[in-house]
Amino acid sequence: MNASPSNSLAALSADLARAVATIAPSVVYVDAHPRRDASGIVWDEHHVVTVDHAIEREDDIELLLGNGATARASVVGRDPSTDLALLYTTATLQAAPRADLATLGVGHLILAIGRDEDAAVAASFGIVSSFDGPWRTWRGGQVDRFLRPDCNVYPSFSGGPLVDATGRIAGMNTWGLSRRMALTLPATTIERVVAQLQGGGGRIARGYLGIAMQAILLPEALRAAHALTQRSGAIVMDVAAGGPADAGGMQLGDVILALGAQAIEDSHDVANALAATPPGSTASVRILRGGRPQELRVTVGERPSDDD
Amino acid sequence: MTTDLGVAFSEIARTLRASTVAVHDAGDRGAGSGVVWDARGIVITNAHVVRGAYATVETAGGRRVRATLVGRDAERDLAALRIDARDAGVLVAAGRRDAATLVPGELVLAVGNPHGIPGAVSAGLVHRCNARWVVADVRLAPGNSGGPLADANGQVVGINSMIVRGLAFAVPSGAVAAFLRALRADTRAA
């Protein structure tokens with residue numbers, strides 16, 4: 001780097017390089033999937049956040065650190081709805097500084113950072129393209145700001161940080177929340193999900209019904225007869241004896257149309273609705289039985305840990 | 001963006017353009033780019049841009065002059081051309097910086113003739129640099145081959161050579177210097 005920048009562009013260049021140097025020790029390469037490269041952000045001394053879609057192994061995860069060292073990590077918790085996974089390692093890491101999102105806006109200069117499988121840090125820069133209000137991901141996750149960066153987010157940058165011009169974290173970049181573009185999970189949302197994952201004994205307790213389902217198209221006549229806007233529902237293929245659904249009176253062949261306020265078109269919708277339903281609470285389940293709508297009250301159980 | 005920054009950007013782009021040439025292979029299959037390495041008429045480009053013993057160079061001033069191949073290293077994808085400095089008009093040699101001193105995150109600029117657009121500039125950040133490549137997040141297109149990758153002061157740090165998964169790969173300036181040293185040694189020996 002030039003010791004004395006001779007123009008404002010050189011000064012900007014020096015600032016950008018400094019921002020990368022600031023964040024670099026807190027960006028790791030995460031090897032938890034045979035085909036998907038990902039980066040991770042050091043969240044505190046022993047925790048790393050990364051993208052859930054790049055996790056295949058929950059144990060024996062290898063991290064490549066900024067200083068060239070490697071560390072073993074395991075999954076503390078996962079939240080597919082926001083594509084976030086929290087990892088734990090016994091190695092002592094350097095946590096990343098956080099940006100104040102209140103001062104971030106459209107047009108601000110940002111950098112996306114990642115670490116490659118050869119442990120080299122990599123960066124691209126651009127501007128904040130969108131910075132809007134709360135939104136819900138396609139898997140039902142609640143995100144407090146819609147943050148979209150306009151810069152190159154290479155595949156291995158998924159799980160890596162989006163930082164401001166001084167190298168402080170604005171959020172985590174991911175290709176897992178949209179099929180069309182890379183988005184950034186804001187730091188404030190990461191904070192909330194991490195607290196949930198840690199508070200729930202290392203995971204977000206997910207509701208459980210004890211059924212197996214598959215999507216089924218609803219015949220036009222049925223949709224018209226009951227004024228249904230959805231094109232499909234989830235037909236119950238199996239009911240675990242003595243499970244929550246069984247206790248609530250659910251039967252083989254029932255077609256689930258809604259769980260609480262959430263319309264159900266396939267089994268993923270059920271999983272997402274359950275992710276947001278605390279065990280022990282009672283949910284109303286709208287079903288079709290013998291072609292007629294019916295309402296069941298089911299006390300949601302907690303997913304047994306071996307049923308992942 | 002401050003006006004100052006915009007001005008600095010355009011000034012550096014102008015400086016860099018003054019030392020960038022278009023290189024037409026004898027077959028004239030389209031133009032690559034080149035860098036004026038010294039004011040006496042040495043132009044550096046990629047080996048894959050020049051296949052034959054001669055090429056045509058179009059200077060920043062718009063003059064088209066005949067160029068003779070003086071050396072080629074296909075393995076390093078470098079070629080040196082000589083043009084007659086009197087025919088070419090004013091030749092401005094590019095400033096150089098050893099790419100080994102680059103750090104990740106530094107701003108770099110590429111100038112060339114992507115898709116035949118003369119003097120087009122793109123900018124991005126350095127990813128990494130080793131003895132073989134400077135890798136940068138800079139948008140390149142085929143006509144950028146042989147053109148300069150420069151730092152924020154307009155000092156050339158590499159010769160743009162290829163695009164891999166959207167990333168720019170440039171031959172580091174140090175490798176160009178080594179190539180020219182080897183060439184001079186060969187010439188003396190012969």
# chains A, B, ... in the order shown; residues from 1 in each chain; ligands from 1
$ interface_residues --of "chain B" --to "chain A" --cutoff "6 Å" --atoms "only C-alpha atoms" --output "ChimeraX atom specification"
/B:5,8,102,105-107,125,127,137,152-153
$ residues_around --residues "Val171 of chain B" --least-positions-apart "5" --cutoff "7 Å" --atoms "only C-alpha atoms" --output "VMD selection string"
chain B and resid 132 to 134 158 to 161
$ write_last_selection --atoms "C-alpha atoms" --output "compact mmCIF listing (two decimals), in the first residue's frame"
# COMPACT_ATOMS: atom_id res chain seq x y z
CA ARG B 132 1.47 -16.04 -10.67
CA TRP B 133 -1.61 -13.85 -10.59
CA VAL B 134 -3.19 -10.71 -9.32
CA GLY B 158 -0.56 -6.28 -13.90
CA ILE B 159 -1.53 -7.27 -17.44
CA ASN B 160 -5.15 -8.43 -17.66
CA SER B 161 -5.15 -11.94 -19.04
$ atom_distance --atom1 "atom CA of Val270 of chain A" --atom2 "atom CA of Ala234 of chain A"
8.3 Å
$ residues_around --residues "Thr174 of chain A" --least-positions-apart "4" --cutoff "7 Å" --atoms "only C-alpha atoms" --output "PyMOL selection string"
chain A and resi 51+158-159+182-184
$ select_by_dssp --residues "segment 140-209 of chain A" --states "strand (DSSP E or B)" --output "PyMOL selection string"
chain A and resi 142-143+146-150+161-164+169-174+183-186+207-208
$ atom_distance --atom1 "atom CA of Pro186 of chain A" --atom2 "atom CA of Arg136 of chain A"
13.0 Å
$ residues_around --residues "Pro97 of chain A" --least-positions-apart "2" --cutoff "10 Å" --atoms "only C-alpha atoms" --output "PDB file with all heavy atoms, in the first residue's frame"
ATOM      1  N   THR A  22      -9.538  -4.823   8.692  1.00  0.00           N
ATOM      2  CA  THR A  22     -10.257  -4.783   9.968  1.00  0.00           C
ATOM      3  C   THR A  22     -11.132  -6.015  10.151  1.00  0.00           C
ATOM      4  O   THR A  22     -11.159  -6.635  11.203  1.00  0.00           O
ATOM      5  CB  THR A  22     -11.154  -3.519  10.037  1.00  0.00           C
ATOM      6  OG1 THR A  22     -10.329  -2.381   9.895  1.00  0.00           O
ATOM      7  CG2 THR A  22     -11.914  -3.446  11.354  1.00  0.00           C
ATOM      8  N   ILE A  23     -11.845  -6.389   9.091  1.00  0.00           N
ATOM      9  CA  ILE A  23     -12.815  -7.472   9.205  1.00  0.00           C
ATOM     10  C   ILE A  23     -12.172  -8.852   8.971  1.00  0.00           C
ATOM     11  O   ILE A  23     -12.670  -9.872   9.474  1.00  0.00           O
ATOM     12  CB  ILE A  23     -14.012  -7.231   8.243  1.00  0.00           C
ATOM     13  CG1 ILE A  23     -15.148  -8.227   8.490  1.00  0.00           C
ATOM     14  CG2 ILE A  23     -13.605  -7.312   6.794  1.00  0.00           C
ATOM     15  CD1 ILE A  23     -15.850  -8.075   9.798  1.00  0.00           C
ATOM     16  N   SER A  26     -11.992 -11.790  11.353  1.00  0.00           N
ATOM     17  CA  SER A  26     -13.279 -12.305  11.822  1.00  0.00           C
ATOM     18  C   SER A  26     -14.065 -13.031  10.732  1.00  0.00           C
ATOM     19  O   SER A  26     -15.235 -13.326  10.893  1.00  0.00           O
ATOM     20  CB  SER A  26     -14.127 -11.155  12.368  1.00  0.00           C
ATOM     21  OG  SER A  26     -13.408 -10.441  13.344  1.00  0.00           O
ATOM     22  N   VAL A  42     -17.189 -14.490  12.615  1.00  0.00           N
ATOM     23  CA  VAL A  42     -16.946 -14.706  14.039  1.00  0.00           C
ATOM     24  C   VAL A  42     -17.869 -13.765  14.812  1.00  0.00           C
ATOM     25  O   VAL A  42     -17.767 -12.546  14.689  1.00  0.00           O
ATOM     26  CB  VAL A  42     -15.474 -14.430  14.409  1.00  0.00           C
ATOM     27  CG1 VAL A  42     -15.288 -14.572  15.918  1.00  0.00           C
ATOM     28  CG2 VAL A  42     -14.559 -15.368  13.647  1.00  0.00           C
ATOM     29  N   TRP A  43     -18.797 -14.354  15.554  1.00  0.00           N
ATOM     30  CA  TRP A  43     -19.825 -13.546  16.229  1.00  0.00           C
ATOM     31  C   TRP A  43     -19.392 -13.198  17.641  1.00  0.00           C
ATOM     32  O   TRP A  43     -19.614 -12.110  18.123  1.00  0.00           O
ATOM     33  CB  TRP A  43     -21.155 -14.303  16.223  1.00  0.00           C
ATOM     34  CG  TRP A  43     -22.323 -13.410  16.422  1.00  0.00           C
ATOM     35  CD1 TRP A  43     -23.147 -13.379  17.504  1.00  0.00           C
ATOM     36  CD2 TRP A  43     -22.800 -12.396  15.524  1.00  0.00           C
ATOM     37  NE1 TRP A  43     -24.095 -12.405  17.330  1.00  0.00           N
ATOM     38  CE2 TRP A  43     -23.902 -11.787  16.131  1.00  0.00           C
ATOM     39  CE3 TRP A  43     -22.372 -11.943  14.267  1.00  0.00           C
ATOM     40  CZ2 TRP A  43     -24.602 -10.748  15.528  1.00  0.00           C
ATOM     41  CZ3 TRP A  43     -23.065 -10.909  13.663  1.00  0.00           C
ATOM     42  CH2 TRP A  43     -24.166 -10.320  14.294  1.00  0.00           C
ATOM     43  N   ASP A  44     -18.817 -14.165  18.346  1.00  0.00           N
ATOM     44  CA  ASP A  44     -18.141 -13.862  19.611  1.00  0.00           C
ATOM     45  C   ASP A  44     -16.974 -14.840  19.745  1.00  0.00           C
ATOM     46  O   ASP A  44     -16.760 -15.670  18.859  1.00  0.00           O
ATOM     47  CB  ASP A  44     -19.113 -13.898  20.801  1.00  0.00           C
ATOM     48  CG  ASP A  44     -19.726 -15.270  21.019  1.00  0.00           C
ATOM     49  OD1 ASP A  44     -19.004 -16.280  20.878  1.00  0.00           O
ATOM     50  OD2 ASP A  44     -20.929 -15.338  21.333  1.00  0.00           O
ATOM     51  N   GLN A  94     -11.503 -13.892  17.099  1.00  0.00           N
ATOM     52  CA  GLN A  94     -11.651 -12.436  17.243  1.00  0.00           C
ATOM     53  C   GLN A  94     -12.985 -12.001  16.667  1.00  0.00           C
ATOM     54  O   GLN A  94     -13.217 -12.099  15.462  1.00  0.00           O
ATOM     55  CB  GLN A  94     -10.499 -11.747  16.494  1.00  0.00           C
ATOM     56  CG  GLN A  94     -10.507 -10.246  16.663  1.00  0.00           C
ATOM     57  CD  GLN A  94      -9.320  -9.605  15.963  1.00  0.00           C
ATOM     58  OE1 GLN A  94      -8.245 -10.210  15.851  1.00  0.00           O
ATOM     59  NE2 GLN A  94      -9.502  -8.388  15.463  1.00  0.00           N
ATOM     60  N   ALA A  95     -13.870 -11.526  17.544  1.00  0.00           N
ATOM     61  CA  ALA A  95     -15.220 -11.155  17.111  1.00  0.00           C
ATOM     62  C   ALA A  95     -15.184  -9.928  16.208  1.00  0.00           C
ATOM     63  O   ALA A  95     -14.303  -9.081  16.315  1.00  0.00           O
ATOM     64  CB  ALA A  95     -16.100 -10.892  18.319  1.00  0.00           C
ATOM     65  N   ALA A  99     -21.707  -2.766  12.716  1.00  0.00           N
ATOM     66  CA  ALA A  99     -22.074  -1.439  12.215  1.00  0.00           C
ATOM     67  C   ALA A  99     -23.359  -0.986  12.906  1.00  0.00           C
ATOM     68  O   ALA A  99     -24.125  -1.806  13.394  1.00  0.00           O
ATOM     69  CB  ALA A  99     -22.299  -1.497  10.709  1.00  0.00           C
ATOM     70  N   ASP A 100     -23.569   0.334  12.933  1.00  0.00           N
ATOM     71  CA  ASP A 100     -24.830   0.869  13.426  1.00  0.00           C
ATOM     72  C   ASP A 100     -25.753   0.973  12.217  1.00  0.00           C
ATOM     73  O   ASP A 100     -25.568   1.825  11.348  1.00  0.00           O
ATOM     74  CB  ASP A 100     -24.577   2.247  14.046  1.00  0.00           C
ATOM     75  CG  ASP A 100     -25.877   2.880  14.521  1.00  0.00           C
ATOM     76  OD1 ASP A 100     -26.912   2.181  14.510  1.00  0.00           O
ATOM     77  OD2 ASP A 100     -25.836   4.070  14.888  1.00  0.00           O
ATOM     78  N   VAL A 163     -19.986  -5.457   5.016  1.00  0.00           N
ATOM     79  CA  VAL A 163     -19.465  -4.469   5.967  1.00  0.00           C
ATOM     80  C   VAL A 163     -19.575  -3.066   5.394  1.00  0.00           C
ATOM     81  O   VAL A 163     -19.660  -2.884   4.178  1.00  0.00           O
ATOM     82  CB  VAL A 163     -17.982  -4.759   6.360  1.00  0.00           C
ATOM     83  CG1 VAL A 163     -17.856  -6.133   6.983  1.00  0.00           C
ATOM     84  CG2 VAL A 163     -17.052  -4.609   5.168  1.00  0.00           C
ATOM     85  N   THR A 166     -15.956   1.172   6.894  1.00  0.00           N
ATOM     86  CA  THR A 166     -14.907   1.085   7.905  1.00  0.00           C
ATOM     87  C   THR A 166     -14.687  -0.357   8.360  1.00  0.00           C
ATOM     88  O   THR A 166     -13.917  -0.605   9.284  1.00  0.00           O
ATOM     89  CB  THR A 166     -15.247   1.958   9.144  1.00  0.00           C
ATOM     90  OG1 THR A 166     -16.460   1.459   9.725  1.00  0.00           O
ATOM     91  CG2 THR A 166     -15.407   3.412   8.772  1.00  0.00           C
ATOM     92  N   GLY A 167     -15.379  -1.300   7.739  1.00  0.00           N
ATOM     93  CA  GLY A 167     -15.136  -2.709   8.052  1.00  0.00           C
ATOM     94  C   GLY A 167     -15.996  -3.262   9.174  1.00  0.00           C
ATOM     95  O   GLY A 167     -15.701  -4.314   9.721  1.00  0.00           O
ATOM     96  N   ARG A 168     -17.064  -2.554   9.516  1.00  0.00           N
ATOM     97  CA  ARG A 168     -17.961  -3.052  10.563  1.00  0.00           C
ATOM     98  C   ARG A 168     -19.144  -3.782   9.933  1.00  0.00           C
ATOM     99  O   ARG A 168     -19.657  -3.371   8.884  1.00  0.00           O
ATOM    100  CB  ARG A 168     -18.446  -1.900  11.441  1.00  0.00           C
ATOM    101  CG  ARG A 168     -17.320  -1.259  12.251  1.00  0.00           C
ATOM    102  CD  ARG A 168     -17.812  -0.014  12.937  1.00  0.00           C
ATOM    103  NE  ARG A 168     -18.409   0.901  11.964  1.00  0.00           N
ATOM    104  CZ  ARG A 168     -19.031   2.027  12.280  1.00  0.00           C
ATOM    105  NH1 ARG A 168     -19.140   2.388  13.536  1.00  0.00           N
ATOM    106  NH2 ARG A 168     -19.526   2.807  11.346  1.00  0.00           N
ATOM    107  N   ILE A 169     -19.603  -4.843  10.610  1.00  0.00           N
ATOM    108  CA  ILE A 169     -20.610  -5.731  10.038  1.00  0.00           C
ATOM    109  C   ILE A 169     -22.012  -5.160   9.978  1.00  0.00           C
ATOM    110  O   ILE A 169     -22.569  -4.760  10.994  1.00  0.00           O
ATOM    111  CB  ILE A 169     -20.670  -7.028  10.869  1.00  0.00           C
ATOM    112  CG1 ILE A 169     -19.361  -7.761  10.692  1.00  0.00           C
ATOM    113  CG2 ILE A 169     -21.839  -7.901  10.455  1.00  0.00           C
ATOM    114  CD1 ILE A 169     -19.414  -9.141  11.189  1.00  0.00           C
ATOM    115  N   ALA A 170     -22.569  -5.159   8.776  1.00  0.00           N
ATOM    116  CA  ALA A 170     -23.972  -4.751   8.604  1.00  0.00           C
ATOM    117  C   ALA A 170     -24.869  -5.979   8.562  1.00  0.00           C
ATOM    118  O   ALA A 170     -26.048  -5.909   8.886  1.00  0.00           O
ATOM    119  CB  ALA A 170     -24.129  -3.938   7.326  1.00  0.00           C
TER     120      ALA A 170
END
$ atom_distance --atom1 "atom CA of Ile264 of chain A" --atom2 "atom CA of Ala227 of chain A"
15.0 Å
$ residues_around --residues "segment 67-69 of chain B" --least-positions-apart "5" --cutoff "12 Å" --atoms "only C-alpha atoms" --output "ChimeraX atom specification"
/B:21-26,34,41-47,49-59,78-85,87-88,183
$ decode --residues "segment 4-15 of chain B" --atoms "C-alpha atoms" --output "PDB file, in the first residue's frame"
ATOM      1  CA  ASP B   4     -12.669  15.548  -5.567  1.00  0.00           C
ATOM      2  CA  LEU B   5     -13.036  11.786  -5.790  1.00  0.00           C
ATOM      3  CA  GLY B   6     -14.764  11.959  -9.168  1.00  0.00           C
ATOM      4  CA  VAL B   7     -12.029  14.228 -10.499  1.00  0.00           C
ATOM      5  CA  ALA B   8      -9.293  11.968  -9.177  1.00  0.00           C
ATOM      6  CA  PHE B   9     -10.997   8.983 -10.798  1.00  0.00           C
ATOM      7  CA  SER B  10     -11.261  10.596 -14.217  1.00  0.00           C
ATOM      8  CA  GLU B  11      -7.694  11.933 -14.057  1.00  0.00           C
ATOM      9  CA  ILE B  12      -6.282   8.533 -13.257  1.00  0.00           C
ATOM     10  CA  ALA B  13      -8.398   6.936 -15.963  1.00  0.00           C
ATOM     11  CA  ARG B  14      -7.077   9.539 -18.440  1.00  0.00           C
ATOM     12  CA  THR B  15      -3.449   8.908 -17.441  1.00  0.00           C
TER      13      THR B  15
END
